[in-house]
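As provided, entry_11.cif (mmCIF, C-alpha atoms and all ligand atoms) reads as follows.
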data_structure
#
loop_
_atom_site.label_atom_id
_atom_site.label_comp_id
_atom_site.auth_asym_id
_atom_site.auth_seq_id
_atom_site.Cartn_x
_atom_site.Cartn_y
_atom_site.Cartn_z
CA MET G 1 230.25 204.00 -46.09
CA ASP G 2 232.09 202.25 -43.23
CA ALA G 3 231.84 202.61 -39.43
CA SER G 4 234.58 205.26 -39.22
CA ASP G 5 232.87 207.44 -41.86
CA LEU G 6 229.69 207.22 -39.73
CA LEU G 7 231.50 207.98 -36.46
CA ARG G 8 233.24 210.96 -38.03
CA GLY G 9 229.94 212.35 -39.31
CA ALA G 10 228.21 211.84 -35.96
CA LEU G 11 230.93 213.68 -34.03
CA LEU G 12 230.96 216.64 -36.41
CA GLN G 13 227.14 216.74 -36.21
CA ILE G 14 226.91 216.93 -32.39
CA SER G 15 229.88 219.28 -31.99
CA GLY G 16 227.65 222.35 -32.51
CA SER G 17 225.77 221.64 -29.28
CA ASP G 18 226.61 223.98 -26.36
CA ALA G 19 226.44 221.08 -23.89
CA VAL G 20 229.01 219.09 -25.87
CA ARG G 21 231.26 222.14 -26.18
CA THR G 22 231.14 222.76 -22.41
CA ALA G 23 231.84 219.10 -21.60
CA VAL G 24 234.79 218.94 -24.01
CA THR G 25 236.42 222.28 -23.14
CA LYS G 26 236.20 221.59 -19.37
CA ALA G 27 237.47 217.99 -19.47
CA PRO G 28 241.07 217.59 -18.24
CA VAL G 29 241.75 215.09 -21.03
CA SER G 30 241.11 217.80 -23.64
CA ARG G 31 244.18 219.75 -22.52
CA SER G 32 246.46 216.77 -23.02
CA VAL G 33 245.04 216.03 -26.48
CA VAL G 34 245.23 219.73 -27.41
CA GLN G 35 248.91 219.80 -26.48
CA ARG G 36 249.58 217.25 -29.21
CA TYR G 37 248.01 219.36 -31.95
CA VAL G 38 248.44 222.99 -30.82
CA ALA G 39 251.73 224.89 -30.38
CA GLY G 40 250.58 226.99 -27.39
CA ASP G 41 248.39 229.96 -26.57
CA LEU G 42 250.62 232.88 -27.58
CA VAL G 43 252.73 234.28 -30.45
CA PRO G 44 256.13 233.54 -28.80
CA GLU G 45 255.16 229.88 -28.38
CA ALA G 46 254.16 229.64 -32.06
CA VAL G 47 257.45 231.26 -33.08
CA ALA G 48 259.45 228.89 -30.83
CA VAL G 49 257.81 225.77 -32.33
CA THR G 50 258.36 227.18 -35.84
CA GLY G 51 262.06 227.52 -34.99
CA GLU G 52 262.16 223.89 -33.80
CA LEU G 53 260.59 222.74 -37.08
CA ARG G 54 263.22 224.69 -39.02
CA GLY G 55 265.85 222.73 -37.11
CA THR G 56 264.59 219.58 -38.84
CA ASN G 57 264.23 221.22 -42.27
CA ARG G 58 260.48 221.64 -42.05
CA LEU G 59 258.56 224.74 -43.12
CA ALA G 60 255.47 226.05 -41.33
CA THR G 61 252.09 227.58 -42.02
CA ILE G 62 250.76 229.15 -38.83
CA ASP G 63 247.09 229.44 -37.94
CA TYR G 64 245.78 231.61 -35.12
CA LEU G 65 242.87 229.52 -33.86
CA GLY G 66 239.35 230.90 -34.03
CA GLU G 67 236.39 230.69 -36.38
CA ASP G 68 232.80 231.85 -36.84
CA VAL G 69 233.53 235.24 -35.26
CA THR G 70 230.45 237.47 -35.36
CA ASP G 71 231.89 240.45 -33.49
CA ARG G 72 233.84 243.03 -35.51
CA ALA G 73 236.19 243.95 -32.64
CA GLN G 74 237.10 240.28 -32.19
CA ALA G 75 237.78 239.95 -35.94
CA GLU G 76 240.11 242.95 -35.71
CA ARG G 77 241.90 241.48 -32.67
CA THR G 78 242.50 238.32 -34.72
CA ARG G 79 243.88 240.43 -37.59
CA ASP G 80 246.18 242.24 -35.13
CA THR G 81 247.44 238.94 -33.72
CA TYR G 82 248.42 237.88 -37.26
CA LEU G 83 250.23 241.21 -37.73
CA ALA G 84 252.14 240.70 -34.47
CA LEU G 85 252.93 237.12 -35.48
CA LEU G 86 254.32 238.20 -38.86
CA ASP G 87 256.49 240.86 -37.18
CA ALA G 88 257.79 238.30 -34.70
CA LEU G 89 258.55 235.79 -37.48
CA ALA G 90 260.44 238.46 -39.44
CA GLU G 91 262.40 239.42 -36.33
CA ALA G 92 263.36 235.78 -35.72
CA ASP G 93 264.34 235.51 -39.40
CA LEU G 94 261.79 232.74 -39.96
CA ALA G 95 259.59 234.39 -42.59
CA ARG G 96 261.98 235.05 -45.45
CA PHE G 97 261.39 233.10 -48.68
CA GLY G 98 258.18 231.77 -47.20
CA ALA G 99 259.89 229.51 -44.65
CA ALA G 100 256.99 230.25 -42.31
CA GLU G 101 253.78 231.61 -43.79
CA VAL G 102 250.32 232.04 -42.27
CA SER G 103 246.98 230.30 -42.81
CA VAL G 104 243.87 232.40 -42.26
CA LYS G 105 240.23 231.38 -41.88
CA LEU G 106 238.05 234.14 -43.31
CA SER G 107 235.40 233.36 -40.68
CA ALA G 108 237.96 234.30 -38.01
CA VAL G 109 238.45 237.76 -39.51
CA GLY G 110 234.81 238.66 -40.12
CA GLN G 111 233.23 236.58 -42.92
CA ALA G 112 230.46 235.33 -40.59
CA ILE G 113 229.40 238.84 -39.50
CA PRO G 114 225.86 239.41 -40.81
CA GLY G 115 225.56 242.04 -43.57
CA ASP G 116 228.98 243.22 -44.69
CA GLY G 117 230.98 240.24 -43.33
CA ASP G 118 232.62 239.47 -46.68
CA ALA G 119 233.90 243.03 -47.06
CA ILE G 120 235.18 243.14 -43.46
CA ALA G 121 236.95 239.80 -43.87
CA LEU G 122 238.53 240.93 -47.14
CA GLU G 123 239.78 244.16 -45.59
CA ASN G 124 241.33 242.27 -42.64
CA ALA G 125 242.82 239.60 -44.92
CA ARG G 126 244.31 242.36 -47.07
CA ALA G 127 246.04 243.88 -44.02
CA ILE G 128 247.48 240.45 -43.20
CA CYS G 129 248.70 240.06 -46.80
CA GLU G 130 250.40 243.47 -46.66
CA ALA G 131 252.22 242.43 -43.47
CA ALA G 132 253.19 239.06 -45.01
CA ASP G 133 254.53 240.86 -48.09
CA ARG G 134 256.68 243.10 -45.88
CA ALA G 135 257.98 240.04 -44.03
CA GLY G 136 258.81 238.26 -47.32
CA THR G 137 256.28 235.49 -46.97
CA THR G 138 252.82 234.33 -48.09
CA VAL G 139 249.25 233.77 -46.87
CA THR G 140 246.91 230.85 -47.54
CA LEU G 141 243.16 231.19 -47.01
CA ASP G 142 241.87 228.03 -45.30
CA MET G 143 238.67 226.55 -46.68
CA GLU G 144 235.70 226.09 -44.33
CA ASP G 145 232.29 224.52 -44.92
CA HIS G 146 230.75 224.42 -48.40
CA THR G 147 228.45 227.40 -47.81
CA THR G 148 231.57 229.59 -47.87
CA THR G 149 233.46 228.04 -50.82
CA ASP G 150 232.41 230.54 -53.50
CA ARG G 151 232.93 233.56 -51.24
CA THR G 152 236.34 232.34 -50.12
CA LEU G 153 237.50 231.69 -53.70
CA GLU G 154 236.20 235.14 -54.60
CA ALA G 155 238.38 236.61 -51.83
CA VAL G 156 241.40 234.66 -53.13
CA ARG G 157 240.81 236.17 -56.60
CA ALA G 158 240.44 239.69 -55.21
CA LEU G 159 243.60 239.42 -53.10
CA ARG G 160 245.63 237.86 -55.91
CA ALA G 161 245.21 241.05 -57.94
CA ASP G 162 247.73 242.64 -55.53
CA PHE G 163 249.31 239.54 -53.96
CA PRO G 164 249.55 236.85 -56.66
CA TRP G 165 251.05 234.43 -54.13
CA VAL G 166 247.87 234.10 -52.03
CA GLY G 167 247.15 230.40 -51.58
CA ALA G 168 243.75 228.76 -52.06
CA VAL G 169 242.55 225.55 -50.40
CA LEU G 170 240.40 222.99 -52.22
CA GLN G 171 238.68 220.03 -50.57
CA ALA G 172 238.60 216.74 -52.50
CA TYR G 173 235.37 215.61 -50.81
CA LEU G 174 233.34 218.26 -52.68
CA HIS G 175 231.90 217.22 -56.07
CA ARG G 176 232.88 220.60 -57.52
CA THR G 177 236.58 220.42 -56.68
CA GLU G 178 237.99 218.80 -59.80
CA ALA G 179 236.54 221.70 -61.80
CA ASP G 180 237.92 224.20 -59.27
CA CYS G 181 241.36 222.59 -59.67
CA ARG G 182 241.17 223.23 -63.42
CA ASP G 183 240.28 226.88 -62.79
CA LEU G 184 243.11 227.30 -60.31
CA ALA G 185 245.93 225.40 -62.06
CA GLY G 186 247.31 228.48 -63.85
CA PRO G 187 250.87 229.85 -63.64
CA GLY G 188 252.14 230.40 -60.10
CA SER G 189 248.80 229.54 -58.50
CA ARG G 190 249.38 228.13 -55.00
CA VAL G 191 246.71 225.52 -54.24
CA ARG G 192 246.52 223.35 -51.13
CA LEU G 193 244.61 220.16 -51.80
CA CYS G 194 243.12 218.44 -48.74
CA LYS G 195 240.38 215.83 -48.27
CA GLY G 196 238.09 218.21 -46.31
CA ALA G 197 237.25 218.24 -42.61
CA TYR G 198 233.62 219.41 -42.25
CA LYS G 199 230.29 217.58 -42.08
CA GLU G 200 228.84 218.08 -45.56
CA PRO G 201 225.59 216.81 -47.14
CA ALA G 202 225.53 214.15 -49.87
CA SER G 203 224.17 216.76 -52.28
CA VAL G 204 227.58 218.47 -52.41
CA ALA G 205 230.15 216.00 -51.06
CA TYR G 206 231.24 212.37 -51.35
CA GLN G 207 230.33 210.56 -48.14
CA ASP G 208 232.45 207.47 -48.64
CA GLY G 209 236.18 207.61 -47.75
CA GLY G 210 237.13 205.59 -50.84
CA GLU G 211 235.30 208.00 -53.14
CA VAL G 212 237.03 210.96 -51.48
CA ASP G 213 240.40 209.32 -52.10
CA LEU G 214 239.59 208.77 -55.78
CA SER G 215 238.54 212.38 -56.12
CA TYR G 216 241.79 213.45 -54.41
CA VAL G 217 243.79 211.55 -57.04
CA ARG G 218 241.80 213.08 -59.92
CA CYS G 219 242.41 216.55 -58.46
CA LEU G 220 246.11 215.85 -57.91
CA LYS G 221 246.44 214.84 -61.56
CA VAL G 222 244.99 218.19 -62.65
CA LEU G 223 247.18 220.22 -60.29
CA MET G 224 250.41 218.34 -60.99
CA ALA G 225 249.83 218.59 -64.77
CA GLY G 226 249.09 222.32 -64.44
CA GLU G 227 251.34 225.35 -64.14
CA GLY G 228 250.63 226.18 -60.52
CA TYR G 229 252.24 225.25 -57.23
CA PRO G 230 250.42 222.25 -55.69
CA MET G 231 250.48 221.89 -51.91
CA VAL G 232 249.70 218.27 -51.10
CA ALA G 233 248.05 218.35 -47.67
CA SER G 234 247.48 214.78 -46.55
CA HIS G 235 248.88 212.21 -44.12
CA ASP G 236 247.62 209.38 -46.27
CA PRO G 237 250.73 207.38 -47.31
CA ARG G 238 249.13 206.22 -50.58
CA LEU G 239 248.31 209.78 -51.61
CA VAL G 240 251.80 211.01 -50.72
CA GLU G 241 253.24 208.24 -52.88
CA ILE G 242 250.90 209.04 -55.79
CA ALA G 243 251.75 212.76 -55.53
CA GLU G 244 255.46 211.98 -55.70
CA ALA G 245 254.94 209.74 -58.75
CA LEU G 246 252.82 212.37 -60.52
CA ALA G 247 255.34 215.12 -59.77
CA SER G 248 258.10 213.03 -61.27
CA HIS G 249 255.92 212.03 -64.25
CA HIS G 250 255.37 215.72 -65.03
CA GLY G 251 259.07 216.54 -64.60
CA ARG G 252 258.45 218.78 -61.60
CA THR G 253 261.46 219.86 -59.55
CA PRO G 254 261.19 219.64 -55.72
CA ASP G 255 260.77 223.43 -55.47
CA SER G 256 257.65 223.40 -57.68
CA TYR G 257 255.31 221.70 -55.16
CA GLU G 258 255.27 220.82 -51.49
CA PHE G 259 253.84 218.39 -48.96
CA GLN G 260 251.90 219.60 -45.93
CA MET G 261 250.87 217.84 -42.72
CA LEU G 262 249.42 218.89 -39.37
CA LEU G 263 251.46 219.53 -36.23
CA GLY G 264 251.38 216.36 -34.12
CA VAL G 265 250.34 214.01 -36.91
CA ARG G 266 252.88 211.55 -38.39
CA SER G 267 255.87 213.65 -37.29
CA THR G 268 258.41 210.93 -38.07
CA GLU G 269 257.07 210.68 -41.61
CA GLN G 270 257.24 214.48 -41.92
CA LYS G 271 260.94 214.37 -41.14
CA ARG G 272 261.49 211.46 -43.51
CA ILE G 273 259.81 213.36 -46.35
CA ALA G 274 261.95 216.46 -45.64
CA ASP G 275 265.08 214.28 -45.47
CA ARG G 276 264.27 212.88 -48.92
CA GLY G 277 264.75 216.43 -50.24
CA HIS G 278 261.08 217.43 -50.45
CA GLN G 279 259.59 220.63 -49.12
CA MET G 280 257.55 219.64 -46.07
CA ARG G 281 255.35 222.28 -44.46
CA VAL G 282 253.67 221.78 -41.09
CA TYR G 283 250.32 223.41 -40.28
CA LEU G 284 250.92 224.91 -36.87
CA PRO G 285 247.91 226.20 -34.92
CA PHE G 286 248.16 228.30 -31.77
CA GLY G 287 245.71 230.22 -29.57
CA GLU G 288 243.10 229.49 -26.93
CA ASP G 289 240.10 228.89 -29.18
CA TRP G 290 240.95 225.28 -30.00
CA TYR G 291 237.54 223.58 -29.68
CA GLY G 292 236.51 223.40 -33.37
CA TYR G 293 240.03 222.40 -34.43
CA LEU G 294 240.22 219.66 -31.80
CA VAL G 295 236.84 218.19 -32.78
CA ARG G 296 237.90 217.93 -36.44
CA ARG G 297 241.17 216.21 -35.46
CA LEU G 298 239.30 213.71 -33.27
CA ALA G 299 236.80 213.00 -36.03
CA GLU G 300 239.62 212.15 -38.46
CA ARG G 301 240.83 209.26 -36.41
CA PRO G 302 238.45 206.84 -34.69
CA ALA G 303 241.28 205.56 -32.43
CA ASN G 304 241.75 209.13 -31.06
CA LEU G 305 238.04 209.48 -30.58
CA ARG G 306 237.64 206.20 -28.67
CA PHE G 307 240.53 207.14 -26.36
CA PHE G 308 239.05 210.58 -25.88
CA LEU G 309 235.52 209.36 -25.09
CA ARG G 310 236.80 206.77 -22.62
CA SER G 311 238.84 209.43 -20.80
CA LEU G 312 235.91 211.85 -20.88
CA ALA G 313 233.62 209.25 -19.27
CA GLY G 314 236.31 208.54 -16.63
CA SER G 315 236.81 212.22 -15.77
CA SER G 316 233.16 213.13 -15.21
C1 LIG G 401 248.29 221.28 -43.95
C2 LIG G 401 246.83 220.96 -43.85
C3 LIG G 401 245.91 221.96 -44.01
C4 LIG G 401 244.54 221.67 -43.98
N1 LIG G 401 243.64 222.68 -44.23
C5 LIG G 401 242.33 222.37 -44.32
C6 LIG G 401 241.36 223.32 -44.72
O1 LIG G 401 241.68 224.50 -44.99
N2 LIG G 401 240.06 222.95 -44.80
C7 LIG G 401 239.68 221.67 -44.52
O2 LIG G 401 238.48 221.36 -44.64
N3 LIG G 401 240.56 220.75 -44.11
C8 LIG G 401 241.87 221.06 -44.01
N4 LIG G 401 242.76 220.10 -43.62
C9 LIG G 401 242.28 218.80 -43.06
C10 LIG G 401 242.03 217.78 -44.12
O3 LIG G 401 240.91 218.17 -44.88
C11 LIG G 401 241.76 216.39 -43.51
O4 LIG G 401 240.66 216.44 -42.66
C12 LIG G 401 242.94 215.84 -42.73
O5 LIG G 401 244.16 216.19 -43.31
C13 LIG G 401 242.87 214.30 -42.68
O6 LIG G 401 242.90 213.78 -43.98
P1 LIG G 401 244.16 212.95 -44.58
O7 LIG G 401 244.31 213.35 -45.99
O8 LIG G 401 245.33 213.10 -43.71
O9 LIG G 401 243.62 211.46 -44.65
P2 LIG G 401 243.02 210.49 -43.57
O10 LIG G 401 242.52 209.33 -44.35
O11 LIG G 401 242.07 211.18 -42.65
O12 LIG G 401 244.28 210.07 -42.73
C14 LIG G 401 245.32 209.26 -43.23
C15 LIG G 401 246.14 208.76 -42.03
O13 LIG G 401 246.77 209.88 -41.40
C16 LIG G 401 246.73 209.77 -40.00
N5 LIG G 401 245.89 210.84 -39.43
C17 LIG G 401 245.05 211.65 -40.11
N6 LIG G 401 244.47 212.56 -39.28
C18 LIG G 401 244.95 212.29 -38.05
C19 LIG G 401 244.75 212.87 -36.78
N7 LIG G 401 243.94 213.91 -36.60
N8 LIG G 401 245.40 212.35 -35.72
C20 LIG G 401 246.24 211.30 -35.88
N9 LIG G 401 246.48 210.70 -37.07
C21 LIG G 401 245.85 211.18 -38.14
C22 LIG G 401 246.17 208.41 -39.71
O14 LIG G 401 247.24 207.49 -39.65
C23 LIG G 401 245.31 208.14 -40.91
O15 LIG G 401 245.10 206.77 -41.12
C24 LIG G 401 244.12 220.36 -43.70
C25 LIG G 401 245.06 219.34 -43.55
C26 LIG G 401 246.40 219.61 -43.63
C27 LIG G 401 247.38 218.49 -43.49
#

If you convert what's in this file into structure tokens, what do you get?
Amino acid sequence: MDASDLLRGALLQISGSDAVRTAVTKAPVSRSVVQRYVAGDLVPEAVAVTGELRGTNRLATIDYLGEDVTDRAQAERTRDTYLALLDALAEADLARFGAAEVSVKLSAVGQAIPGDGDAIALENARAICEAADRAGTTVTLDMEDHTTTDRTLEAVRALRADFPWVGAVLQAYLHRTEADCRDLAGPGSRVRLCKGAYKEPASVAYQDGGEVDLSYVRCLKVLMAGEGYPMVASHDPRLVEIAEALASHHGRTPDSYEFQMLLGVRSTEQKRIADRGHQMRVYLPFGEDWYGYLVRRLAERPANLRFFLRSLAGSS
């Protein structure tokens, strides 16, 4: 494990503290970093940035920020924001044929509510799927920490009975993921493969960046050889190259898989990939509840984190 793996783990570990949350959300530097990664606070801003991406041939998957909601009314407000977003995308003619879809965290729509959280989240996710279906687009269920993996995959299965296009997310850092890729590589199955962004114990996840990369390649091989629709979510140039080589090895056409990257990360490369004739989808978050998302983005890149901590020290 190298220094950046350790730094990443340490940041994710302390981010649960209320004192750290208050310091980060109040610091002026946070706003400027957030602006790089987040499209804005409201639906019209998300729709406007989606339109700009379309102008450079990029697709979008839009996430309304929020997670770990334990209040049912809040979970329903999040659902309603997705419904309004899907209406607005349809009105702007950005949803058809999946040009802009939505990404949903089950913990934002009720999964973390004690007792019947799973049922509440499923009901809200179903309403979002119905709206996406009407708009002519799709939904992908983001993957959160490993304690939710089974329940989230269960929700994907339940929703796919009515909406076979529901996307699953698998995280290469988990030991279990290669097997999950095999289970989910069937016809039409949309699967986003990412490295994984949470602090996970060694009992369930690789801790070393090199091991995560090797796992990613093993998983890619399974997905590209399968009959599903792989969504290659990584900014890692080596993995993008390997994905392209595997797709060509398996005779895949450019419409049978796609690349995905985050808003604000390697934008020039995103455009280059789209210009090479690939489908390139950008994960586009919006909303005011950006703390958890920001912390994960800082943890991914030690250079960001050093800049951030220096500015934080200077602003206090
Ligand atoms: C579309 C999409 C959806 C995702 N959904 C999920 C999900 O549902 N669940 C989940 O756990 N994780 C999700 N992730 C996050 C993912 O798990 C990784 O944490 C993240 O993508 C960084 O891994 P990487 O593959 O880009 O490789 P890394 O090795 O982290 O990065 C490779 C290179 O990309 C650049 N880079 C990466 N991150 C940043 C950054 N934040 N700022 C600036 N440069 C950066 C750097 O140049 C870096 O050297 C998603 C990622 C993407 C792209």

query = Near Thr140 in chain G, within 9 Å and counting only C-alpha atoms, which residues show up once chain neighbours fewer than 5 positions away are dropped, as a list in words?
reply = Thr61, Glu101, Val102, Ser103, Val104, Lys105, Val156, Trp165, Val166, Gly167, Ala168, Val169, Arg190, Val191 and Arg192 of chain G

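Residues with at least one atom no more than 9 Å from (234.5, 220.5, -44.0), using all atoms listed in the file, are G:Met143, G:Glu144, G:Asp145, G:His146, G:Gln171, G:Tyr173, G:Lys195, G:Gly196, G:Ala197, G:Tyr198, G:Lys199, G:Glu200, G:Arg296.
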
Would you export the selected residues with C-alpha atoms as a PDB file, keeping the file's coordinate frame, please?
ATOM      1  CA  MET G 143     238.670 226.550 -46.680  1.00  0.00           C
ATOM      2  CA  GLU G 144     235.700 226.090 -44.330  1.00  0.00           C
ATOM      3  CA  ASP G 145     232.290 224.520 -44.920  1.00  0.00           C
ATOM      4  CA  HIS G 146     230.750 224.420 -48.400  1.00  0.00           C
ATOM      5  CA  GLN G 171     238.680 220.030 -50.570  1.00  0.00           C
ATOM      6  CA  TYR G 173     235.370 215.610 -50.810  1.00  0.00           C
ATOM      7  CA  LYS G 195     240.380 215.830 -48.270  1.00  0.00           C
ATOM      8  CA  GLY G 196     238.090 218.210 -46.310  1.00  0.00           C
ATOM      9  CA  ALA G 197     237.250 218.240 -42.610  1.00  0.00           C
ATOM     10  CA  TYR G 198     233.620 219.410 -42.250  1.00  0.00           C
ATOM     11  CA  LYS G 199     230.290 217.580 -42.080  1.00  0.00           C
ATOM     12  CA  GLU G 200     228.840 218.080 -45.560  1.00  0.00           C
ATOM     13  CA  ARG G 296     237.900 217.930 -36.440  1.00  0.00           C
TER      14      ARG G 296
END

Quick one: axis-aligned box around all listed atoms of ligand LIG 401 (chain G), 3 Å on every side, centre and edge lengths in Å to one decimal, written as lines of an AutoDock Vina configuration file.
center_x = 243.4
center_y = 215.6
center_z = -40.9
size_x = 15.8
size_y = 23.7
size_z = 16.3

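In this comparison, which uses all atoms listed in the file, the residue of G:Val139, G:Cys219, G:Asp213, G:Ser30 approaching Arg176 in chain G most closely is G:Cys219.
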
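Counting from CA of Ser267 in chain G, the distance to atom O11 of ligand LIG 401 (chain G) is 15.0 Å.
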
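Between ligand LIG 401 (chain G) and the candidates G:Ser4, G:Ser203, G:Thr81, G:Gln111, the tightest atom-to-atom separation, counting only C-alpha atoms and all ligand atoms, involves G:Ser4.
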
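Using all atoms listed in the file, the shortest contact distance between Cys129 in chain G and any of G:Ala88, G:Met280, G:Ala155, G:Ile273 is found at G:Ala155.
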
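From CA of Met231 in chain G back to CA of Arg77 in chain G, the distance works out to 28.8 Å.
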
Selection as a list in words: residues within 6 Å of (251.6, 225.0, -57.8), counting only C-alpha atoms = Gly188, Ser189, Arg190, Gly228, Tyr229, Pro230 and Tyr257 of chain G

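The closest residue to Asp289 in chain G, picked from G:Ala108, G:Leu59, G:Ala100, G:Ala10 and counting only C-alpha atoms, is G:Ala108.
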
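When all atoms listed in the file are used to measure the gap to Thr70 in chain G, the shortest distance among G:Pro237, G:Gly117, G:Pro44, G:Gly51 belongs to G:Gly117.
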
ask   = Can you tell me how far atom C3 of ligand LIG 401 (chain G) sits from CA of His235 in chain G, in Å to one decimal?
value = 10.2 Å

For Gln270 in chain G, the nearest of the candidates G:Asn124, G:Asn57, G:Thr149, G:Thr50, counting all atoms listed in the file = G:Asn57

task = Name all residues at most 12 Å from Glu123 in chain G (count only C-alpha atoms; drop same-chain ones fewer than 6 positions away) and give them as a PyMOL selection string.
result = chain G and resi 72+75-76+79+106+109-111+116-117+129-130+155+158-159

Pull all heavy atoms for range 15-21 of chain G from the block and write them as a PDB file, in the first residue's frame.
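To be explicit, this is the file written out as part-v6.pdb:
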ATOM      1  N   SER G  15     -14.076  11.565   7.669  1.00  0.00           N
ATOM      2  CA  SER G  15     -15.124  12.393   7.075  1.00  0.00           C
ATOM      3  C   SER G  15     -16.475  12.243   7.782  1.00  0.00           C
ATOM      4  O   SER G  15     -17.355  13.081   7.631  1.00  0.00           O
ATOM      5  CB  SER G  15     -15.280  12.068   5.591  1.00  0.00           C
ATOM      6  OG  SER G  15     -15.721  10.740   5.457  1.00  0.00           O
ATOM      7  N   GLY G  16     -16.627  11.173   8.600  1.00  0.00           N
ATOM      8  CA  GLY G  16     -17.889  10.993   9.318  1.00  0.00           C
ATOM      9  C   GLY G  16     -18.015  11.918  10.525  1.00  0.00           C
ATOM     10  O   GLY G  16     -19.107  12.097  11.073  1.00  0.00           O
ATOM     11  N   SER G  17     -16.917  12.539  10.933  1.00  0.00           N
ATOM     12  CA  SER G  17     -16.960  13.391  12.121  1.00  0.00           C
ATOM     13  C   SER G  17     -17.736  14.681  11.857  1.00  0.00           C
ATOM     14  O   SER G  17     -17.546  15.330  10.818  1.00  0.00           O
ATOM     15  CB  SER G  17     -15.517  13.703  12.554  1.00  0.00           C
ATOM     16  OG  SER G  17     -15.394  15.050  12.914  1.00  0.00           O
ATOM     17  N   ASP G  18     -18.599  15.084  12.811  1.00  0.00           N
ATOM     18  CA  ASP G  18     -19.386  16.314  12.638  1.00  0.00           C
ATOM     19  C   ASP G  18     -18.482  17.536  12.538  1.00  0.00           C
ATOM     20  O   ASP G  18     -18.755  18.470  11.784  1.00  0.00           O
ATOM     21  CB  ASP G  18     -20.347  16.492  13.823  1.00  0.00           C
ATOM     22  CG  ASP G  18     -21.513  15.525  13.715  1.00  0.00           C
ATOM     23  OD1 ASP G  18     -21.718  14.963  12.615  1.00  0.00           O
ATOM     24  OD2 ASP G  18     -22.198  15.309  14.737  1.00  0.00           O
ATOM     25  N   ALA G  19     -17.368  17.522  13.335  1.00  0.00           N
ATOM     26  CA  ALA G  19     -16.482  18.690  13.333  1.00  0.00           C
ATOM     27  C   ALA G  19     -15.840  18.861  11.955  1.00  0.00           C
ATOM     28  O   ALA G  19     -15.758  19.972  11.422  1.00  0.00           O
ATOM     29  CB  ALA G  19     -15.394  18.518  14.402  1.00  0.00           C
ATOM     30  N   VAL G  20     -15.454  17.748  11.335  1.00  0.00           N
ATOM     31  CA  VAL G  20     -14.828  17.827  10.018  1.00  0.00           C
ATOM     32  C   VAL G  20     -15.863  18.309   8.996  1.00  0.00           C
ATOM     33  O   VAL G  20     -15.609  19.187   8.175  1.00  0.00           O
ATOM     34  CB  VAL G  20     -14.236  16.454   9.607  1.00  0.00           C
ATOM     35  CG1 VAL G  20     -13.752  16.475   8.164  1.00  0.00           C
ATOM     36  CG2 VAL G  20     -13.102  16.062  10.548  1.00  0.00           C
ATOM     37  N   ARG G  21     -17.082  17.768   9.099  1.00  0.00           N
ATOM     38  CA  ARG G  21     -18.136  18.185   8.166  1.00  0.00           C
ATOM     39  C   ARG G  21     -18.381  19.691   8.263  1.00  0.00           C
ATOM     40  O   ARG G  21     -18.449  20.393   7.251  1.00  0.00           O
ATOM     41  CB  ARG G  21     -19.440  17.428   8.465  1.00  0.00           C
ATOM     42  CG  ARG G  21     -20.606  17.880   7.607  1.00  0.00           C
ATOM     43  CD  ARG G  21     -21.897  17.207   8.029  1.00  0.00           C
ATOM     44  NE  ARG G  21     -22.131  15.965   7.340  1.00  0.00           N
ATOM     45  CZ  ARG G  21     -22.830  15.844   6.200  1.00  0.00           C
ATOM     46  NH1 ARG G  21     -23.364  16.888   5.626  1.00  0.00           N
ATOM     47  NH2 ARG G  21     -22.998  14.672   5.647  1.00  0.00           N
TER      48      ARG G  21
END
